[in-house]
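Peer 1: This is the structure I have questions about; it appears just below.
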Amino acid sequence: MVFPDGQDKPPVIVESLCSGEAICVKKCPYHVISIVNLPEELESDTSHRYSINGFKLFRLPIPKQGQVLGLIGPNGVGKTTAVRILAGELQPNLGRVENPPDWEEIIRAYRGSELQPFFERVMAGTVVPILKPQNITDLPKVKNIADRPISELLESSDSSGRLKDLKADMSLNDIWDRPVKILSGGELQRVAVTAAIVREGDIYFFDEPTAYLDVRERLRIGRAIRHLAELGKTVVVVEHDLSILDYVSDNVCMFYGEPGVYGIISHPHGTRVGVNQFLDGFIPDENMRFRDTSISFKGMSTEDLEFTFSETLIEYGDMHKEFENFTLDVKGGRVSKGQVIGILGPNGIGKTTFVRMLAREIEPEQGEAPKKTVTGLDLKISYKPQYIPNDFEGNLRLYLREAGGHNIDSADFQTGVIKKLQLEHLMDHNFQELSGGELQRAAIAACLARDADIYLLDEPSAFLDIEQRLASSRAIRRHVRNNMKTAFVVEHSILMADYLSDSLVIFSGIPGKSGMASPVTTLRIGMNSFLKQMGVTFRRDPQTGRPRVNKDGSQLDSQQKASGDYYYVGKGR
């Protein structure tokens, strides 16, 4: 690499001389410099820094034996870094990049805290950490793993004797003899989590354990992780699905800051309080506001949920689709303007097939997808697929302009979509160099940029952190309502489906063999039907209105199951 003016090292900003006027930020054509003024007292809490002028992490989470500690926050503010430090993969340098401390000095720095005995054990090598990594898609690329059947892989990892029970709980019987290299994303995730749980260790780390999984599988993963804590193990979980984080955790630590620049870790809080504070964007015990707006959920009354939108856009009849080993039957429905319809169901049940039929990418053997509105006009459709190709040649601005033309220049689109999806600083970036989360947000923006009557979005929250998921949902909902359009959204998170949807289409059947799609139904009826399939009940938090999973067999869970009210629609309990 060649640096300016013949230098053999990159230029360095002398931070002690920086007054915060941010001239260098304005002069930087690549938007890679950030100037942030932080309280001086935070410096004594520095746990790690990657390089001079690089990302800095303040504080560390404190795991406790016999409990699950949840880590919550946006991507890029240090969650994975904290996990690597606690797992012994990364030695904290206390911010000293050029003369990092040894373990004895690190232990002195944490003297008197709950981390002192933990780091003493790490230094002595008496802590056995077990880590389920964030990125599981690289597993099939590992030579000594790719060709091995999962039975061999898991049996060789089972040092705890827990595999026998987990084999059925994790639905591994049908894929038991498959080699790792042909597993889907959801199958890889279940295998990776199982491989971590069956190993005998002292502290377990699960970095985003529910990615690629449907609701039923997420709850199974949650139960298995909770069981580890019940066995007296120390568990740390990084999770973006708030419903699952709430279900699995005893305590949570919030991460906030500026992605890629710095991250601050809050003190631990009880799960309900911590999640609510995160949604509110304010931590009272630290007097810290880290987000300008608070996030609240519907908390609607039954009458609100059963409100029928007045102007019908389309009506579609029953449809039947056949593949070699799978059949899908769709019940007809009616869709109104301004309506967001959530699509819920297990993996492999036909949700993407249904959306592709609506997009007219594939045709049913019986019935027909709508081609015109009820008023006789040609129906215009915009489709964001589940898997997004990144082969576009050009920058993000050109990609969006090719999708939506001059629509992307309007003040409404810039404010309601580009700004909400935090794409402003990426507009001149090469499209092929975008990360998974950036690519997802770009595809959502491109879908909404097109002039359409119906927007079809297949799993728009994949690869996004919780704040990005909520921001994307607000952008979709605002665009649909303000322009009196309609959207179908495939979603695996109950919390996001509740936050985004006015109505639901529920899928049932046998995954991989046959699927049945319900008519468009109300949020209450749809959620009750879906959660009854899952055997799970939800209540609402009285402060934020967010859905919360009832513990299996609890008094409230038993009461709601007895009454048939699996999904509580009121303001809270």
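Labels for the structure tokens follow display order: chains A, B, ..., residues from 1 in each chain, ligands from 1.
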Write out as a PyMOL selection string which residues come within 7 Å of Leu400 (chain A) when counting only C-alpha atoms, dropping same-chain ones fewer than 4 positions away.
Peer 2: chain A and resi 396+404+446
Peer 1: Leaving out region 201-212 of chain A and any residue of its chain fewer than 3 positions from it, which residues lie within 6 Å of it when counting only C-alpha atoms, given as a CSV table (one decimal) with all heavy atoms, in the first residue's frame?
Peer 2:
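Final file, result.csv:
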chain,number,residue,atom,x,y,z
A,128,VAL,N,-12.8,-22.7,30.6
A,128,VAL,CA,-13.0,-23.4,29.4
A,128,VAL,C,-14.2,-22.7,28.6
A,128,VAL,O,-15.4,-22.9,29.0
A,128,VAL,CB,-13.4,-24.9,29.5
A,128,VAL,CG1,-13.6,-25.6,28.2
A,128,VAL,CG2,-12.2,-25.6,30.3
A,129,PRO,N,-13.9,-21.8,27.7
A,129,PRO,CA,-14.9,-21.1,26.9
A,129,PRO,C,-15.4,-21.9,25.7
A,129,PRO,O,-14.6,-22.6,25.1
A,129,PRO,CB,-14.2,-19.8,26.5
A,129,PRO,CG,-12.8,-20.2,26.3
A,129,PRO,CD,-12.5,-21.3,27.3
A,130,ILE,N,-16.7,-21.8,25.5
A,130,ILE,CA,-17.3,-22.5,24.3
A,130,ILE,C,-18.0,-21.3,23.5
A,130,ILE,O,-18.8,-20.6,24.0
A,130,ILE,CB,-18.3,-23.5,24.6
A,130,ILE,CG1,-17.7,-24.6,25.6
A,130,ILE,CG2,-18.9,-24.2,23.4
A,130,ILE,CD1,-16.6,-25.4,25.0
A,131,LEU,N,-17.6,-21.2,22.2
A,131,LEU,CA,-18.1,-20.1,21.4
A,131,LEU,C,-18.8,-20.6,20.2
A,131,LEU,O,-18.3,-21.3,19.4
A,131,LEU,CB,-16.9,-19.2,21.0
A,131,LEU,CG,-17.2,-18.0,20.0
A,131,LEU,CD1,-18.2,-17.0,20.6
A,131,LEU,CD2,-15.9,-17.3,19.6
A,132,LYS,N,-20.1,-20.1,20.0
A,132,LYS,CA,-20.8,-20.3,18.8
A,132,LYS,C,-20.6,-19.0,18.0
A,132,LYS,O,-21.1,-18.0,18.3
A,132,LYS,CB,-22.3,-20.5,19.1
A,132,LYS,CG,-23.1,-21.2,17.9
A,132,LYS,CD,-23.2,-20.4,16.7
A,132,LYS,CE,-24.1,-19.1,16.9
A,132,LYS,NZ,-24.3,-18.4,15.6
A,133,PRO,N,-19.8,-19.0,16.9
A,133,PRO,CA,-19.5,-17.8,16.2
A,133,PRO,C,-20.7,-17.2,15.5
A,133,PRO,O,-21.7,-17.8,15.2
A,133,PRO,CB,-18.4,-18.2,15.2
A,133,PRO,CG,-18.7,-19.7,14.9
A,133,PRO,CD,-19.2,-20.2,16.2
A,134,GLN,N,-20.5,-15.9,15.2
A,134,GLN,CA,-21.5,-15.1,14.5
A,134,GLN,C,-21.7,-15.6,13.0
A,134,GLN,O,-22.8,-15.9,12.6
A,134,GLN,CB,-21.2,-13.7,14.4
A,134,GLN,CG,-22.2,-12.8,13.7
A,134,GLN,CD,-21.7,-11.3,13.6
A,134,GLN,OE1,-20.5,-11.1,13.5
A,134,GLN,NE2,-22.6,-10.4,13.6
A,185,GLY,N,-28.8,-22.4,5.5
A,185,GLY,CA,-28.4,-21.5,6.5
A,185,GLY,C,-29.0,-21.9,7.9
A,185,GLY,O,-28.3,-21.9,8.9
A,186,GLY,N,-30.3,-22.2,7.9
A,186,GLY,CA,-31.0,-22.6,9.1
A,186,GLY,C,-30.5,-23.9,9.7
A,186,GLY,O,-30.3,-24.0,10.9
A,218,ARG,N,-36.4,-20.7,16.6
A,218,ARG,CA,-35.8,-19.7,17.5
A,218,ARG,C,-36.2,-20.1,19.0
A,218,ARG,O,-35.4,-19.9,19.9
A,218,ARG,CB,-36.3,-18.3,17.2
A,218,ARG,CG,-35.7,-17.9,15.9
A,218,ARG,CD,-36.2,-16.5,15.5
A,218,ARG,NE,-35.6,-16.1,14.2
A,218,ARG,CZ,-35.6,-14.9,13.7
A,218,ARG,NH1,-36.0,-13.9,14.4
A,218,ARG,NH2,-35.1,-14.6,12.5
A,233,LYS,N,-24.3,-23.3,34.3
A,233,LYS,CA,-23.3,-22.7,33.4
A,233,LYS,C,-23.5,-21.2,33.3
A,233,LYS,O,-24.5,-20.6,33.5
A,233,LYS,CB,-23.4,-23.3,32.0
A,233,LYS,CG,-23.3,-24.9,32.0
A,233,LYS,CD,-22.0,-25.4,32.5
A,233,LYS,CE,-21.9,-26.9,32.4
A,233,LYS,NZ,-20.6,-27.4,32.9
A,234,THR,N,-22.4,-20.5,32.9
A,234,THR,CA,-22.4,-19.1,32.6
A,234,THR,C,-22.6,-18.9,31.1
A,234,THR,O,-21.9,-19.5,30.3
A,234,THR,CB,-21.1,-18.4,33.0
A,234,THR,OG1,-20.8,-18.7,34.4
A,234,THR,CG2,-21.1,-16.9,32.8
A,235,VAL,N,-23.6,-18.1,30.7
A,235,VAL,CA,-24.0,-18.0,29.3
A,235,VAL,C,-24.1,-16.5,28.9
A,235,VAL,O,-24.6,-15.7,29.6
A,235,VAL,CB,-25.4,-18.7,29.0
A,235,VAL,CG1,-25.7,-18.7,27.6
A,235,VAL,CG2,-25.3,-20.1,29.6
A,236,VAL,N,-23.6,-16.2,27.7
A,236,VAL,CA,-23.6,-14.9,27.1
A,236,VAL,C,-24.2,-15.0,25.8
A,236,VAL,O,-23.8,-15.8,25.0
A,236,VAL,CB,-22.3,-14.2,27.1
A,236,VAL,CG1,-22.4,-12.8,26.4
A,236,VAL,CG2,-21.6,-14.1,28.5
A,237,VAL,N,-25.3,-14.2,25.5
A,237,VAL,CA,-26.0,-14.3,24.2
A,237,VAL,C,-26.0,-12.9,23.5
A,237,VAL,O,-26.5,-11.9,24.1
A,237,VAL,CB,-27.4,-14.8,24.4
A,237,VAL,CG1,-28.2,-14.8,23.0
A,237,VAL,CG2,-27.4,-16.2,24.9
A,238,VAL,N,-25.6,-12.8,22.2
A,238,VAL,CA,-25.8,-11.7,21.4
A,238,VAL,C,-27.0,-12.0,20.5
A,238,VAL,O,-26.9,-12.9,19.7
A,238,VAL,CB,-24.5,-11.3,20.6
A,238,VAL,CG1,-24.8,-10.1,19.7
A,238,VAL,CG2,-23.3,-11.1,21.5
A,239,GLU,N,-28.0,-11.1,20.6
A,239,GLU,CA,-29.2,-11.4,19.8
A,239,GLU,C,-29.9,-10.2,19.4
A,239,GLU,O,-30.1,-9.2,20.2
A,239,GLU,CB,-30.2,-12.3,20.6
A,239,GLU,CG,-31.4,-12.8,20.0
A,239,GLU,CD,-31.2,-13.4,18.6
A,239,GLU,OE1,-30.5,-14.5,18.6
A,239,GLU,OE2,-31.7,-12.9,17.6
Peer 1: As an exercise, work out the distance from CA of Leu500 (chain A) to CA of Leu328 (chain A) in Å and give it to one decimal place.
Peer 2: 25.4 Å
Peer 1: Between CA of Asp465 (chain A) and CA of Asn407 (chain A), what is the spacing in Å?
Peer 2: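 Computed distance, CA of Asn407 (chain A) to CA of Asp465 (chain A), equals 27.2 Å.
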Peer 1: Which residues are close to Asn93 (chain A), i.e. within 12 Å by only C-alpha atoms, leaving aside same-chain residues fewer than 6 positions away? Reply as a VMD selection string.
Peer 2: chain A and resid 45 to 51 56 to 58 85 99 to 107 109
Peer 1: Quick one: pick out all strand (DSSP E or B) residues within region 178-324 of chain A from a backbone DSSP run and write them as a PyMOL selection string.
Peer 2: chain A and resi 179+203-207+234-238+251-258+262-265+269-270+282-283+288-289+312-316+319-322
Peer 1: Per residue of region 500-561 of chain A within 6 Å of region 333-356 of chain A, record the nearest atom pair and its distance in Å to one decimal, counting only C-alpha atoms, with rows in chain order and ascending residue number, as JSON lines.
Peer 2:
{"residue": "A:Ser501", "atom": "CA", "partner": "A:Val340", "partner_atom": "CA", "distance": 5.1}
{"residue": "A:Asp502", "atom": "CA", "partner": "A:Val340", "partner_atom": "CA", "distance": 5.4}
{"residue": "A:Ser503", "atom": "CA", "partner": "A:Ile341", "partner_atom": "CA", "distance": 4.8}
{"residue": "A:Leu504", "atom": "CA", "partner": "A:Gly342", "partner_atom": "CA", "distance": 4.7}
{"residue": "A:Val505", "atom": "CA", "partner": "A:Ile343", "partner_atom": "CA", "distance": 4.9}
{"residue": "A:Ile506", "atom": "CA", "partner": "A:Leu344", "partner_atom": "CA", "distance": 5.2}
{"residue": "A:Phe507", "atom": "CA", "partner": "A:Gly345", "partner_atom": "CA", "distance": 4.7}
{"residue": "A:Pro511", "atom": "CA", "partner": "A:Ile349", "partner_atom": "CA", "distance": 4.7}
{"residue": "A:Gly512", "atom": "CA", "partner": "A:Gly348", "partner_atom": "CA", "distance": 5.0}
{"residue": "A:Gly515", "atom": "CA", "partner": "A:Ile349", "partner_atom": "CA", "distance": 4.9}
{"residue": "A:Pro519", "atom": "CA", "partner": "A:Gly333", "partner_atom": "CA", "distance": 4.8}
{"residue": "A:Val520", "atom": "CA", "partner": "A:Gly333", "partner_atom": "CA", "distance": 5.3}
Peer 1: Taking 2 positions as the minimum chain separation for residues in the same chain, which residues sit within 12 Å of Lys380 (chain A) when counting only C-alpha atoms? Answer as a PyMOL selection string.
Peer 2: chain A and resi 313-314+358-360+370-373+377-378+382-383+450-456+485-487
Peer 1: Find, counting only C-alpha atoms, the residue in A:Thr194, A:Arg474, A:Met357, A:Asp428 that gets nearest to Thr415 (chain A).
Peer 2: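 Once distances to Thr415 (chain A) are computed over only C-alpha atoms, the minimum belongs to A:Arg474.
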